[in-house]
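Trainee: If it helps, the file is called target.txt and holds compact mmCIF, N, CA and C atoms:
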# COMPACT_ATOMS: atom_id res chain seq x y z
N MET A 1 -20.46 57.23 -112.58
CA MET A 1 -20.15 56.11 -111.72
C MET A 1 -21.37 55.22 -111.60
N LYS A 2 -21.17 53.95 -111.70
CA LYS A 2 -22.26 53.00 -111.69
C LYS A 2 -22.53 52.53 -110.26
N LEU A 3 -23.81 52.54 -109.80
CA LEU A 3 -24.20 52.12 -108.46
C LEU A 3 -24.33 50.60 -108.40
N PRO A 4 -23.95 50.00 -107.26
CA PRO A 4 -24.08 48.54 -107.14
C PRO A 4 -25.55 48.13 -107.10
N THR A 5 -25.82 46.95 -107.57
CA THR A 5 -27.20 46.47 -107.60
C THR A 5 -27.64 45.97 -106.24
N LYS A 6 -28.93 45.78 -106.09
CA LYS A 6 -29.50 45.32 -104.83
C LYS A 6 -29.00 43.91 -104.49
N LYS A 7 -28.86 43.06 -105.48
CA LYS A 7 -28.38 41.69 -105.24
C LYS A 7 -26.95 41.71 -104.71
N PHE A 8 -26.14 42.60 -105.25
CA PHE A 8 -24.75 42.70 -104.82
C PHE A 8 -24.68 43.18 -103.37
N LEU A 9 -25.49 44.21 -103.02
CA LEU A 9 -25.51 44.73 -101.65
C LEU A 9 -25.99 43.66 -100.66
N PHE A 10 -27.03 42.92 -101.05
CA PHE A 10 -27.55 41.87 -100.18
C PHE A 10 -26.52 40.77 -99.96
N ALA A 11 -25.84 40.38 -101.01
CA ALA A 11 -24.81 39.33 -100.90
C ALA A 11 -23.65 39.80 -100.03
N THR A 12 -23.27 41.06 -100.15
CA THR A 12 -22.18 41.59 -99.34
C THR A 12 -22.56 41.62 -97.87
N LEU A 13 -23.76 42.12 -97.57
CA LEU A 13 -24.23 42.16 -96.18
C LEU A 13 -24.35 40.77 -95.58
N ALA A 14 -24.85 39.82 -96.35
CA ALA A 14 -25.00 38.46 -95.86
C ALA A 14 -23.64 37.84 -95.57
N SER A 15 -22.67 38.06 -96.44
CA SER A 15 -21.35 37.48 -96.22
C SER A 15 -20.65 38.11 -95.01
N VAL A 16 -20.86 39.41 -94.81
CA VAL A 16 -20.28 40.07 -93.64
C VAL A 16 -20.92 39.52 -92.35
N ALA A 17 -22.22 39.35 -92.35
CA ALA A 17 -22.91 38.84 -91.17
C ALA A 17 -22.46 37.41 -90.85
N ILE A 18 -22.32 36.59 -91.86
CA ILE A 18 -21.89 35.20 -91.64
C ILE A 18 -20.46 35.17 -91.12
N SER A 19 -19.58 35.98 -91.71
CA SER A 19 -18.18 35.96 -91.26
C SER A 19 -18.04 36.47 -89.84
N LEU A 20 -18.83 37.46 -89.45
CA LEU A 20 -18.79 37.95 -88.08
C LEU A 20 -19.33 36.92 -87.09
N SER A 21 -20.37 36.22 -87.47
CA SER A 21 -20.92 35.22 -86.56
C SER A 21 -19.97 34.04 -86.39
N ILE A 22 -19.27 33.67 -87.44
CA ILE A 22 -18.30 32.57 -87.33
C ILE A 22 -17.14 33.00 -86.45
N ALA A 23 -16.65 34.21 -86.64
CA ALA A 23 -15.54 34.70 -85.82
C ALA A 23 -15.96 34.86 -84.37
N GLY A 24 -17.19 35.26 -84.14
CA GLY A 24 -17.69 35.43 -82.78
C GLY A 24 -17.86 34.11 -82.06
N CYS A 25 -18.20 33.06 -82.77
CA CYS A 25 -18.41 31.76 -82.15
C CYS A 25 -17.10 31.13 -81.69
N SER A 26 -16.01 31.41 -82.35
CA SER A 26 -14.75 30.76 -81.99
C SER A 26 -14.23 31.26 -80.65
N ASP A 27 -14.52 32.48 -80.26
CA ASP A 27 -14.05 33.03 -78.99
C ASP A 27 -14.85 32.53 -77.80
N ASP A 28 -16.07 32.09 -78.00
CA ASP A 28 -16.94 31.69 -76.90
C ASP A 28 -16.35 30.53 -76.10
N GLU A 29 -15.73 29.58 -76.75
CA GLU A 29 -15.19 28.42 -76.05
C GLU A 29 -14.08 28.82 -75.09
N GLU A 30 -13.21 29.73 -75.50
CA GLU A 30 -12.12 30.16 -74.63
C GLU A 30 -12.66 30.92 -73.43
N LYS A 31 -13.64 31.78 -73.65
CA LYS A 31 -14.22 32.56 -72.55
C LYS A 31 -14.95 31.67 -71.56
N LYS A 32 -15.63 30.65 -72.06
CA LYS A 32 -16.36 29.75 -71.17
C LYS A 32 -15.41 29.01 -70.24
N THR A 33 -14.26 28.58 -70.75
CA THR A 33 -13.32 27.86 -69.91
C THR A 33 -12.69 28.78 -68.88
N GLU A 34 -12.43 30.04 -69.26
CA GLU A 34 -11.88 30.99 -68.29
C GLU A 34 -12.89 31.30 -67.20
N LYS A 35 -14.14 31.53 -67.59
CA LYS A 35 -15.18 31.83 -66.61
C LYS A 35 -15.47 30.62 -65.73
N ALA A 36 -15.42 29.44 -66.29
CA ALA A 36 -15.71 28.23 -65.52
C ALA A 36 -14.69 28.03 -64.41
N SER A 37 -13.45 28.39 -64.67
CA SER A 37 -12.43 28.20 -63.64
C SER A 37 -12.53 29.27 -62.56
N ALA A 38 -13.00 30.47 -62.88
CA ALA A 38 -13.08 31.54 -61.89
C ALA A 38 -14.41 31.56 -61.15
N GLU A 39 -15.44 31.03 -61.74
CA GLU A 39 -16.77 31.13 -61.16
C GLU A 39 -16.97 30.34 -59.87
N PRO A 40 -16.47 29.12 -59.73
CA PRO A 40 -16.75 28.36 -58.51
C PRO A 40 -16.26 29.04 -57.24
N VAL A 41 -15.17 29.79 -57.30
CA VAL A 41 -14.66 30.44 -56.10
C VAL A 41 -15.66 31.47 -55.60
N SER A 42 -16.10 32.37 -56.48
CA SER A 42 -17.05 33.39 -56.05
C SER A 42 -18.41 32.78 -55.74
N HIS A 43 -18.78 31.75 -56.49
CA HIS A 43 -20.06 31.09 -56.24
C HIS A 43 -20.04 30.41 -54.87
N GLN A 44 -18.91 29.83 -54.50
CA GLN A 44 -18.80 29.19 -53.19
C GLN A 44 -18.90 30.24 -52.08
N LEU A 45 -18.27 31.40 -52.29
CA LEU A 45 -18.34 32.45 -51.26
C LEU A 45 -19.75 32.99 -51.11
N LEU A 46 -20.49 33.05 -52.22
CA LEU A 46 -21.86 33.56 -52.12
C LEU A 46 -22.75 32.59 -51.35
N ASN A 47 -22.50 31.30 -51.52
CA ASN A 47 -23.33 30.30 -50.85
C ASN A 47 -22.86 29.98 -49.45
N THR A 48 -21.65 30.41 -49.09
CA THR A 48 -21.13 30.13 -47.76
C THR A 48 -21.77 31.07 -46.76
N PRO A 49 -22.43 30.54 -45.74
CA PRO A 49 -23.03 31.43 -44.75
C PRO A 49 -21.96 32.07 -43.87
N VAL A 50 -22.23 33.27 -43.44
CA VAL A 50 -21.30 33.97 -42.55
C VAL A 50 -21.58 33.49 -41.13
N THR A 51 -20.54 33.13 -40.42
CA THR A 51 -20.71 32.63 -39.06
C THR A 51 -21.11 33.77 -38.12
N VAL A 52 -21.69 33.40 -37.00
CA VAL A 52 -22.12 34.39 -36.02
C VAL A 52 -20.91 35.16 -35.47
N ALA A 53 -19.79 34.47 -35.31
CA ALA A 53 -18.59 35.13 -34.80
C ALA A 53 -18.09 36.18 -35.78
N GLU A 54 -18.12 35.86 -37.09
CA GLU A 54 -17.70 36.83 -38.10
C GLU A 54 -18.64 38.03 -38.13
N LYS A 55 -19.94 37.76 -38.00
CA LYS A 55 -20.91 38.86 -37.99
C LYS A 55 -20.69 39.77 -36.79
N GLN A 56 -20.45 39.19 -35.63
CA GLN A 56 -20.22 40.01 -34.44
C GLN A 56 -18.91 40.78 -34.55
N LYS A 57 -17.89 40.14 -35.12
CA LYS A 57 -16.62 40.82 -35.32
C LYS A 57 -16.80 42.00 -36.28
N PHE A 58 -17.56 41.79 -37.36
CA PHE A 58 -17.85 42.85 -38.31
C PHE A 58 -18.61 43.98 -37.63
N GLU A 59 -19.64 43.62 -36.85
CA GLU A 59 -20.46 44.63 -36.19
C GLU A 59 -19.62 45.49 -35.26
N HIS A 60 -18.77 44.86 -34.47
CA HIS A 60 -17.92 45.60 -33.53
C HIS A 60 -16.93 46.50 -34.28
N ALA A 61 -16.27 45.95 -35.30
CA ALA A 61 -15.28 46.72 -36.05
C ALA A 61 -15.93 47.88 -36.79
N PHE A 62 -17.09 47.65 -37.39
CA PHE A 62 -17.75 48.70 -38.15
C PHE A 62 -18.27 49.80 -37.22
N ALA A 63 -18.85 49.42 -36.09
CA ALA A 63 -19.35 50.42 -35.15
C ALA A 63 -18.20 51.26 -34.60
N GLN A 64 -17.07 50.64 -34.31
CA GLN A 64 -15.92 51.38 -33.80
C GLN A 64 -15.38 52.35 -34.84
N GLN A 65 -15.29 51.91 -36.10
CA GLN A 65 -14.82 52.79 -37.17
C GLN A 65 -15.80 53.96 -37.38
N CYS A 66 -17.08 53.67 -37.32
CA CYS A 66 -18.11 54.70 -37.49
C CYS A 66 -18.01 55.74 -36.38
N GLU A 67 -17.86 55.28 -35.14
CA GLU A 67 -17.75 56.21 -34.01
C GLU A 67 -16.51 57.10 -34.14
N GLN A 68 -15.38 56.51 -34.49
CA GLN A 68 -14.16 57.30 -34.65
C GLN A 68 -14.30 58.34 -35.75
N ARG A 69 -14.90 57.96 -36.86
CA ARG A 69 -15.09 58.88 -37.98
C ARG A 69 -16.02 60.03 -37.61
N GLU A 70 -17.11 59.71 -36.93
CA GLU A 70 -18.08 60.74 -36.57
C GLU A 70 -17.57 61.64 -35.45
N LEU A 71 -16.85 61.08 -34.48
CA LEU A 71 -16.31 61.90 -33.40
C LEU A 71 -15.20 62.82 -33.92
N LYS A 72 -14.49 62.38 -34.92
CA LYS A 72 -13.43 63.20 -35.49
C LYS A 72 -14.01 64.45 -36.16
N SER A 73 -15.17 64.31 -36.78
CA SER A 73 -15.78 65.45 -37.47
C SER A 73 -16.75 66.24 -36.59
N SER A 74 -16.94 65.81 -35.34
CA SER A 74 -17.87 66.48 -34.43
C SER A 74 -17.23 67.74 -33.85
N THR A 75 -18.06 68.77 -33.63
CA THR A 75 -17.56 70.01 -33.03
C THR A 75 -17.44 69.88 -31.52
N ASN A 76 -18.29 69.05 -30.90
CA ASN A 76 -18.25 68.84 -29.46
C ASN A 76 -18.29 67.33 -29.19
N PRO A 77 -17.14 66.65 -29.30
CA PRO A 77 -17.12 65.19 -29.19
C PRO A 77 -17.62 64.66 -27.85
N ASP A 78 -17.35 65.37 -26.76
CA ASP A 78 -17.78 64.86 -25.45
C ASP A 78 -19.30 64.81 -25.33
N ALA A 79 -19.98 65.83 -25.81
CA ALA A 79 -21.43 65.88 -25.71
C ALA A 79 -22.10 64.96 -26.73
N ASP A 80 -21.48 64.78 -27.89
CA ASP A 80 -22.08 63.99 -28.97
C ASP A 80 -21.79 62.50 -28.86
N LYS A 81 -20.90 62.10 -27.97
CA LYS A 81 -20.43 60.71 -27.92
C LYS A 81 -21.57 59.70 -27.72
N ALA A 82 -22.48 59.96 -26.80
CA ALA A 82 -23.56 59.00 -26.52
C ALA A 82 -24.48 58.82 -27.73
N GLY A 83 -24.85 59.91 -28.36
CA GLY A 83 -25.73 59.83 -29.53
C GLY A 83 -25.06 59.14 -30.71
N ILE A 84 -23.78 59.43 -30.88
CA ILE A 84 -23.03 58.82 -31.99
C ILE A 84 -22.87 57.32 -31.76
N GLU A 85 -22.57 56.92 -30.53
CA GLU A 85 -22.43 55.49 -30.23
C GLU A 85 -23.72 54.74 -30.52
N LYS A 86 -24.84 55.31 -30.10
CA LYS A 86 -26.14 54.67 -30.32
C LYS A 86 -26.45 54.55 -31.81
N ALA A 87 -26.21 55.62 -32.56
CA ALA A 87 -26.50 55.60 -33.99
C ALA A 87 -25.58 54.61 -34.73
N CYS A 88 -24.31 54.59 -34.38
CA CYS A 88 -23.36 53.69 -35.05
C CYS A 88 -23.67 52.22 -34.73
N GLU A 89 -24.08 51.94 -33.51
CA GLU A 89 -24.45 50.57 -33.16
C GLU A 89 -25.70 50.13 -33.92
N CYS A 90 -26.65 51.03 -34.06
CA CYS A 90 -27.87 50.73 -34.82
C CYS A 90 -27.52 50.45 -36.28
N ILE A 91 -26.67 51.28 -36.87
CA ILE A 91 -26.27 51.10 -38.27
C ILE A 91 -25.53 49.77 -38.45
N ALA A 92 -24.58 49.47 -37.55
CA ALA A 92 -23.81 48.23 -37.66
C ALA A 92 -24.70 47.01 -37.50
N THR A 93 -25.68 47.08 -36.61
CA THR A 93 -26.60 45.96 -36.40
C THR A 93 -27.44 45.70 -37.64
N LEU A 94 -27.95 46.76 -38.25
CA LEU A 94 -28.76 46.59 -39.46
C LEU A 94 -27.91 46.06 -40.62
N MET A 95 -26.68 46.52 -40.73
CA MET A 95 -25.81 46.04 -41.81
C MET A 95 -25.42 44.58 -41.60
N MET A 96 -25.28 44.18 -40.35
CA MET A 96 -24.86 42.83 -40.03
C MET A 96 -25.93 41.80 -40.41
N LYS A 97 -27.19 42.19 -40.40
CA LYS A 97 -28.27 41.24 -40.62
C LYS A 97 -28.20 40.55 -41.98
N ASP A 98 -27.86 41.29 -43.04
CA ASP A 98 -27.78 40.66 -44.36
C ASP A 98 -26.38 40.74 -44.94
N LEU A 99 -25.40 40.48 -44.11
CA LEU A 99 -23.99 40.49 -44.51
C LEU A 99 -23.66 39.22 -45.27
N THR A 100 -22.92 39.36 -46.37
CA THR A 100 -22.50 38.19 -47.13
C THR A 100 -21.05 37.86 -46.78
N ALA A 101 -20.64 36.66 -47.15
CA ALA A 101 -19.27 36.21 -46.84
C ALA A 101 -18.24 37.06 -47.58
N ILE A 102 -18.54 37.45 -48.80
CA ILE A 102 -17.61 38.27 -49.59
C ILE A 102 -17.42 39.63 -48.93
N GLU A 103 -18.53 40.25 -48.50
CA GLU A 103 -18.44 41.56 -47.85
C GLU A 103 -17.67 41.48 -46.54
N ALA A 104 -17.93 40.46 -45.77
CA ALA A 104 -17.22 40.30 -44.49
C ALA A 104 -15.73 40.09 -44.72
N GLU A 105 -15.39 39.28 -45.71
CA GLU A 105 -13.97 39.03 -45.99
C GLU A 105 -13.28 40.30 -46.45
N LYS A 106 -13.91 41.04 -47.36
CA LYS A 106 -13.29 42.27 -47.84
C LYS A 106 -13.11 43.28 -46.72
N TYR A 107 -14.09 43.40 -45.86
CA TYR A 107 -14.02 44.41 -44.80
C TYR A 107 -13.04 44.01 -43.70
N LEU A 108 -13.10 42.75 -43.26
CA LEU A 108 -12.30 42.33 -42.11
C LEU A 108 -10.85 42.01 -42.48
N THR A 109 -10.62 41.38 -43.62
CA THR A 109 -9.25 40.97 -43.95
C THR A 109 -8.55 41.94 -44.89
N GLU A 110 -9.26 42.43 -45.90
CA GLU A 110 -8.63 43.31 -46.87
C GLU A 110 -8.82 44.79 -46.55
N HIS A 111 -9.62 45.09 -45.54
CA HIS A 111 -9.91 46.47 -45.13
C HIS A 111 -10.44 47.32 -46.28
N GLU A 112 -11.34 46.75 -47.06
CA GLU A 112 -11.96 47.45 -48.18
C GLU A 112 -13.46 47.56 -47.92
N ASN A 113 -14.02 48.65 -48.39
CA ASN A 113 -15.47 48.83 -48.32
C ASN A 113 -16.04 48.54 -49.70
N ALA A 114 -16.78 47.46 -49.83
CA ALA A 114 -17.40 47.12 -51.09
C ALA A 114 -18.55 48.08 -51.38
N GLN A 115 -18.90 48.20 -52.64
CA GLN A 115 -20.00 49.10 -53.03
C GLN A 115 -21.30 48.67 -52.36
N SER A 116 -21.51 47.37 -52.22
CA SER A 116 -22.73 46.89 -51.58
C SER A 116 -22.77 47.31 -50.11
N LEU A 117 -21.60 47.37 -49.45
CA LEU A 117 -21.57 47.85 -48.06
C LEU A 117 -21.93 49.32 -47.98
N ARG A 118 -21.50 50.09 -48.96
CA ARG A 118 -21.85 51.53 -48.97
C ARG A 118 -23.36 51.71 -49.11
N ILE A 119 -23.96 50.93 -49.96
CA ILE A 119 -25.40 51.02 -50.16
C ILE A 119 -26.13 50.61 -48.88
N LYS A 120 -25.68 49.51 -48.27
CA LYS A 120 -26.30 49.06 -47.02
C LYS A 120 -26.11 50.09 -45.91
N TYR A 121 -24.94 50.74 -45.90
CA TYR A 121 -24.67 51.78 -44.90
C TYR A 121 -25.64 52.95 -45.07
N GLU A 122 -25.84 53.39 -46.30
CA GLU A 122 -26.75 54.51 -46.53
C GLU A 122 -28.18 54.17 -46.12
N ASN A 123 -28.62 52.96 -46.44
CA ASN A 123 -29.97 52.54 -46.05
C ASN A 123 -30.11 52.44 -44.53
N ALA A 124 -29.10 51.86 -43.89
CA ALA A 124 -29.15 51.71 -42.43
C ALA A 124 -29.07 53.07 -41.74
N ALA A 125 -28.23 53.96 -42.25
CA ALA A 125 -28.11 55.29 -41.66
C ALA A 125 -29.43 56.04 -41.79
N TYR A 126 -30.07 55.93 -42.94
CA TYR A 126 -31.37 56.59 -43.12
C TYR A 126 -32.38 56.04 -42.12
N HIS A 127 -32.40 54.72 -41.97
CA HIS A 127 -33.36 54.09 -41.06
C HIS A 127 -33.08 54.49 -39.60
N CYS A 128 -31.82 54.47 -39.20
CA CYS A 128 -31.47 54.73 -37.80
C CYS A 128 -31.55 56.21 -37.44
N LEU A 129 -31.24 57.08 -38.37
CA LEU A 129 -31.18 58.51 -38.06
C LEU A 129 -32.50 59.23 -38.31
N GLN A 130 -33.46 58.59 -38.96
CA GLN A 130 -34.74 59.22 -39.25
C GLN A 130 -35.82 58.83 -38.25
N GLN A 131 -35.43 58.42 -37.05
CA GLN A 131 -36.42 58.00 -36.06
C GLN A 131 -37.05 59.18 -35.35
N ASN A 132 -36.50 60.36 -35.51
CA ASN A 132 -37.08 61.54 -34.88
C ASN A 132 -38.41 61.88 -35.53
N ALA A 133 -39.30 62.47 -34.75
CA ALA A 133 -40.61 62.84 -35.27
C ALA A 133 -40.43 63.99 -36.27
N HIS A 134 -41.09 63.86 -37.38
CA HIS A 134 -41.01 64.91 -38.40
C HIS A 134 -42.06 65.98 -38.11
N PRO A 135 -41.76 67.22 -38.43
CA PRO A 135 -42.76 68.26 -38.21
C PRO A 135 -43.96 68.04 -39.13
N ALA A 136 -45.10 68.50 -38.67
CA ALA A 136 -46.32 68.34 -39.46
C ALA A 136 -46.21 69.17 -40.72
N GLY A 137 -46.70 68.63 -41.79
CA GLY A 137 -46.68 69.35 -43.07
C GLY A 137 -47.73 70.45 -43.09
N PRO A 138 -47.70 71.28 -44.10
CA PRO A 138 -48.67 72.36 -44.19
C PRO A 138 -50.09 71.83 -44.41
N ASP A 139 -51.05 72.55 -43.87
CA ASP A 139 -52.46 72.17 -44.01
C ASP A 139 -53.06 73.03 -45.11
N PHE A 140 -53.44 72.41 -46.22
CA PHE A 140 -53.97 73.16 -47.35
C PHE A 140 -55.51 73.13 -47.39
N SER A 141 -56.12 72.60 -46.36
CA SER A 141 -57.58 72.58 -46.37
C SER A 141 -58.09 73.99 -46.08
N ARG A 142 -59.21 74.34 -46.64
CA ARG A 142 -59.76 75.69 -46.47
C ARG A 142 -60.91 75.66 -45.49
N LYS A 143 -60.60 75.41 -44.25
CA LYS A 143 -61.63 75.36 -43.22
C LYS A 143 -61.75 76.69 -42.54
Turn this file's structure into structure tokens for me.

Mentor:
Amino acid sequence: MKLPTKKFLFATLASVAISLSIAGCSDDEEKKTEKASAEPVSHQLLNTPVTVAEKQKFEHAFAQQCEQRELKSSTNPDADKAGIEKACECIATLMMKDLTAIEAEKYLTEHENAQSLRIKYENAAYHCLQQNAHPAGPDFSRK
């Protein structure tokens, strides 16, 4: 069996590359028009500031949901209620500070928790619940 020459392989690779680039360029125009029509809506929501009333409504609703969830899983809800209320209010306040219009709309109207809200919740919970003094670490000095 005879092997193809280097010129033949180069010509084949070049023609394949050119044909793929031409086919790839034709789809770009359709995608740009689809993205252009969908982009302004989300872009407008990102630039729209959240009103103070929406932020307060979010804070109240989120703190109430947090309290209900934590009291439901508590072994002694009556004794834990004050601590849970304080922690949930702290978490809701921290989350409210950098709330976006999209997150507020999803949470308040669609009753969905966006992934960004989950991340903010974890950060706020860490900040609010780690206020207790930590025990001193081990002393490795040889005095």

Trainee: Between CA of Met95 in chain A and atom C of Arg118 in chain A, what is the spacing in Å?

Mentor: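 Computing it gives 9.6 Å between the two atoms.
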
Trainee: Please report, as an NGL selection string, each residue of range 55-137 of chain A to which DSSP assigns alpha helix (DSSP H) when run on this structure's backbone.

Mentor: :A and (55-73 or 77-97 or 101-108 or 115-129)

Trainee: So what do you get for CA of Lys72 in chain A versus atom N of Lys55 in chain A, distance-wise?

Mentor: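 For CA of Lys72 in chain A relative to atom N of Lys55 in chain A, the distance reads 26.4 Å.
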
Trainee: Residues near range 121-130 of chain A, anyone? I mean within 8 Å using all atoms listed in the file, not counting same-chain ones fewer than 6 positions away, as a ChimeraX atom specification.

Mentor: /A:86-88,90-95,115

Trainee: Can you tell me how far atom C of Lys81 in chain A sits from CA of His60 in chain A, in Å to one decimal?

Mentor: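 We find that atom C of Lys81 in chain A and CA of His60 in chain A lie 15.7 Å from each other.
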
Trainee: Name the closest residue to Thr100 in chain A among the candidates A:Thr51, A:Gln68, A:Gln56, A:Ser74; distances are taken between atoms, counting only C-alpha atoms.

Mentor: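 When distances to Thr100 in chain A are compared using only C-alpha atoms, the smallest one comes from A:Thr51.
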